[in-house]
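What follows is one structure encoded as structure tokens, with my remarks underneath.
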Amino acid sequence: MARRPDLVGLTVLAMLSVRASHPYELHRFIVDTHKDYVTGLPRSLYHAVERLAGEELIVPVETSREGRRPERTVYEITDEGRRELATRLRALLENPGAERRTFTAAVSLMGVLPVPDVLRALRSRAASIEGSLVSMNAHLKALKDSGLPDVLMIELDYERALSESELAWLGKLVARLESGELDWPSTVRRELLDEVLGEP
């Protein structure tokens, strides 16, 4: 069985690629921006930070304490962490075999990649879906020609409808990226994270 993607770890890497932060800030950002695919907070977040630090994908850079609050350790992403983030995120954007929740997470984080990388990944995904639709349509036609009643193929028709809908959405997204309507300056700006966290 394939290992499920670490969406919490991916989110931590994506956020730390924008700016160094401590886990409490990361938690606030996840909640405030409704990254609902991240579950099990705050425990899952702290486990992810610990795991990523153990893999040397992130490193602690500063520890501070304000008043009676607990000590807070600020982490930053390493060069290896940036490479791992780009590799994982591109794979999730490209692969239509993953569950939809995983793709939703990848789309929500794609702003940390350069636009050309995102375009390549989305075009690759669209091509895979087009290929799947050709096979699915041929399979459905063969089943129908064999005399199988429509009611016994309804789940295949549902899957086809979902794939057609995603393909149409991908086409619109790629067009928005190509036209510059949806753009970012190669990565999401640090100011965006500051704004969401309400910091100057």
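If you're wondering about the labels, chains in the structure tokens are A, B, ... by order shown, residues count from 1 in each chain, ligands from 1 in order shown.
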
_What's around stretch 81-90 of chain A at 12 Å? Count only C-alpha atoms, leave out sequence neighbours fewer than 6 positions away in its own chain, and write the answer as a VMD selection string._
chain A and resid 4 to 18 52 to 59 75 96 102 to 125 187

Keeping C-alpha atoms, export the residues of the selection given above as a CSV table (one decimal), in the first residue's frame.
chain,number,residue,atom,x,y,z
A,4,ARG,CA,0.0,8.7,2.3
A,5,PRO,CA,1.5,12.1,1.7
A,6,ASP,CA,2.5,14.0,4.8
A,7,LEU,CA,0.3,17.1,4.2
A,8,VAL,CA,1.1,18.6,7.6
A,9,GLY,CA,4.9,18.4,6.9
A,10,LEU,CA,4.4,19.7,3.4
A,11,THR,CA,2.5,22.7,4.8
A,12,VAL,CA,5.2,23.4,7.4
A,13,LEU,CA,7.9,23.3,4.7
A,14,ALA,CA,5.8,25.6,2.4
A,15,MET,CA,5.3,28.2,5.1
A,16,LEU,CA,8.9,28.1,6.3
A,17,SER,CA,10.0,28.6,2.7
A,18,VAL,CA,8.3,32.0,2.9
A,52,LEU,CA,11.3,17.6,9.7
A,53,ALA,CA,13.9,18.8,12.1
A,54,GLY,CA,15.1,15.2,12.6
A,55,GLU,CA,15.4,14.9,8.9
A,56,GLU,CA,17.3,18.2,8.7
A,57,LEU,CA,14.8,19.7,6.3
A,58,ILE,CA,14.3,22.5,8.9
A,59,VAL,CA,16.6,23.8,11.6
A,75,TYR,CA,12.7,27.3,12.6
A,96,PRO,CA,-4.1,12.5,-10.7
A,102,THR,CA,-4.3,15.7,-1.4
A,103,PHE,CA,-4.7,17.6,-4.6
A,104,THR,CA,-6.6,20.3,-2.8
A,105,ALA,CA,-3.7,20.7,-0.4
A,106,ALA,CA,-1.2,20.8,-3.2
A,107,VAL,CA,-3.2,23.5,-5.0
A,108,SER,CA,-3.5,25.6,-1.8
A,109,LEU,CA,0.4,25.5,-1.5
A,110,MET,CA,1.4,25.9,-5.1
A,111,GLY,CA,2.2,29.6,-4.7
A,112,VAL,CA,5.6,28.6,-3.2
A,113,LEU,CA,6.7,27.2,-6.6
A,114,PRO,CA,7.7,29.2,-9.6
A,115,VAL,CA,4.8,29.7,-12.0
A,116,PRO,CA,6.5,27.8,-14.9
A,117,ASP,CA,6.9,24.7,-12.5
A,118,VAL,CA,3.2,24.8,-11.6
A,119,LEU,CA,2.2,25.1,-15.3
A,120,ARG,CA,4.4,22.1,-16.2
A,121,ALA,CA,2.9,20.0,-13.4
A,122,LEU,CA,-0.7,21.0,-14.2
A,123,ARG,CA,-0.3,20.4,-17.9
A,124,SER,CA,1.1,16.9,-17.1
A,125,ARG,CA,-1.9,16.2,-14.8
A,187,THR,CA,7.1,32.7,-4.7

*Please identify which residues in stretch 6-200 of chain A DSSP calls strand (DSSP E or B) from the backbone, and express them as a PyMOL selection string.*
chain A and resi 21+58-64+72-77

Could you write out the selected residues, including N, CA and C atoms, as an mmCIF file, in the first residue's frame?
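In the end it all went to selection-v3.cif:
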data_model
loop_
_atom_site.group_PDB
_atom_site.id
_atom_site.type_symbol
_atom_site.label_atom_id
_atom_site.label_comp_id
_atom_site.auth_asym_id
_atom_site.auth_seq_id
_atom_site.Cartn_x
_atom_site.Cartn_y
_atom_site.Cartn_z
ATOM 1 N N SER A 21 9.636 30.821 11.190
ATOM 2 C CA SER A 21 8.517 30.995 12.120
ATOM 3 C C SER A 21 8.629 29.976 13.243
ATOM 4 N N ILE A 58 14.386 21.198 8.197
ATOM 5 C CA ILE A 58 14.275 22.494 8.864
ATOM 6 C C ILE A 58 15.250 22.495 10.040
ATOM 7 N N VAL A 59 15.661 23.690 10.469
ATOM 8 C CA VAL A 59 16.592 23.793 11.602
ATOM 9 C C VAL A 59 16.141 24.917 12.533
ATOM 10 N N PRO A 60 16.368 24.729 13.862
ATOM 11 C CA PRO A 60 16.061 25.820 14.796
ATOM 12 C C PRO A 60 17.107 26.928 14.644
ATOM 13 N N VAL A 61 16.644 28.172 14.670
ATOM 14 C CA VAL A 61 17.585 29.293 14.519
ATOM 15 C C VAL A 61 17.550 30.249 15.698
ATOM 16 N N GLU A 62 16.522 30.153 16.538
ATOM 17 C CA GLU A 62 16.400 31.089 17.644
ATOM 18 C C GLU A 62 15.372 30.567 18.630
ATOM 19 N N THR A 63 15.652 30.758 19.914
ATOM 20 C CA THR A 63 14.683 30.420 20.953
ATOM 21 C C THR A 63 14.493 31.647 21.824
ATOM 22 N N SER A 64 13.232 31.991 22.096
ATOM 23 C CA SER A 64 12.966 33.184 22.903
ATOM 24 C C SER A 64 11.802 32.920 23.845
ATOM 25 N N ARG A 72 9.668 29.713 22.840
ATOM 26 C CA ARG A 72 9.280 29.470 21.454
ATOM 27 C C ARG A 72 10.536 29.362 20.604
ATOM 28 N N THR A 73 10.597 28.280 19.836
ATOM 29 C CA THR A 73 11.738 28.056 18.947
ATOM 30 C C THR A 73 11.337 28.393 17.524
ATOM 31 N N VAL A 74 12.130 29.267 16.907
ATOM 32 C CA VAL A 74 11.902 29.661 15.515
ATOM 33 C C VAL A 74 12.695 28.711 14.616
ATOM 34 N N TYR A 75 12.038 28.208 13.566
ATOM 35 C CA TYR A 75 12.671 27.297 12.621
ATOM 36 C C TYR A 75 12.764 27.954 11.245
ATOM 37 N N GLU A 76 13.763 27.545 10.484
ATOM 38 C CA GLU A 76 13.848 27.948 9.082
ATOM 39 C C GLU A 76 14.103 26.708 8.229
ATOM 40 N N ILE A 77 13.725 26.808 6.980
ATOM 41 C CA ILE A 77 13.890 25.687 6.059
ATOM 42 C C ILE A 77 15.338 25.634 5.569
#

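The shortest atom-to-atom distance to A:Ile129, with only C-alpha atoms taken into account, belongs to A:Ala168 out of A:Ala168, A:Leu92, A:Glu178, A:Glu99.
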
*Would you give me, as a ChimeraX atom specification, the residues in stretch 19-190 of chain A that DSSP reads as alpha helix (DSSP H)?*
/A:23-32,43-54,79-94,100-109,115-145,154-179,190

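Atom CA of A:Leu143 sits 25.4 Å away from atom CA of A:Ala126.
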
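The spacing separating atom CA of A:Trp184 from atom CA of A:Pro23 amounts to 25.4 Å.
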
Give me, as a CSV table (one decimal) with all heavy atoms, in the first residue's frame, all polymer residues having an atom no more than 8 Å from A:Leu140, counting only C-alpha atoms and skipping those fewer than 4 positions away in the same chain.
chain,number,residue,atom,x,y,z
A,136,MET,N,-11.5,5.3,-20.2
A,136,MET,CA,-12.8,5.2,-19.5
A,136,MET,C,-13.9,5.2,-20.5
A,136,MET,O,-14.9,4.3,-20.4
A,136,MET,CB,-12.9,6.3,-18.5
A,136,MET,CG,-13.9,6.1,-17.4
A,136,MET,SD,-14.0,7.5,-16.2
A,136,MET,CE,-12.3,7.6,-15.7
A,144,LYS,N,-21.5,-1.0,-22.5
A,144,LYS,CA,-22.8,-0.7,-23.0
A,144,LYS,C,-23.2,-1.6,-24.2
A,144,LYS,O,-24.3,-2.2,-24.3
A,144,LYS,CB,-22.9,0.7,-23.4
A,144,LYS,CG,-24.3,1.2,-23.6
A,144,LYS,CD,-24.3,2.8,-23.7
A,144,LYS,CE,-25.7,3.3,-23.8
A,144,LYS,NZ,-26.4,3.2,-22.6
A,153,MET,N,-23.5,0.6,-14.4
A,153,MET,CA,-22.3,1.3,-14.8
A,153,MET,C,-22.3,2.7,-14.2
A,153,MET,O,-21.4,3.6,-14.6
A,153,MET,CB,-22.2,1.4,-16.3
A,153,MET,CG,-22.1,0.1,-17.0
A,153,MET,SD,-21.9,0.3,-18.8
A,153,MET,CE,-23.6,0.8,-19.3
A,156,LEU,N,-19.1,4.3,-12.8
A,156,LEU,CA,-18.1,4.6,-13.8
A,156,LEU,C,-18.5,6.0,-14.5
A,156,LEU,O,-17.6,6.8,-14.8
A,156,LEU,CB,-18.0,3.5,-14.9
A,156,LEU,CG,-17.5,2.2,-14.4
A,156,LEU,CD1,-17.6,1.1,-15.5
A,156,LEU,CD2,-16.1,2.3,-13.9
A,157,ASP,N,-19.8,6.2,-14.7
A,157,ASP,CA,-20.2,7.4,-15.3
A,157,ASP,C,-19.9,8.6,-14.3
A,157,ASP,O,-19.6,9.7,-14.7
A,157,ASP,CB,-21.7,7.3,-15.5
A,157,ASP,CG,-22.2,8.5,-16.3
A,157,ASP,OD1,-21.6,8.8,-17.4
A,157,ASP,OD2,-23.2,9.1,-15.9

_What's around A:Tyr37 at 7 Å? Count only C-alpha atoms, leave out sequence neighbours fewer than 2 positions away in its own chain, and write the answer as a PyMOL selection string._
chain A and resi 35+39+101+105
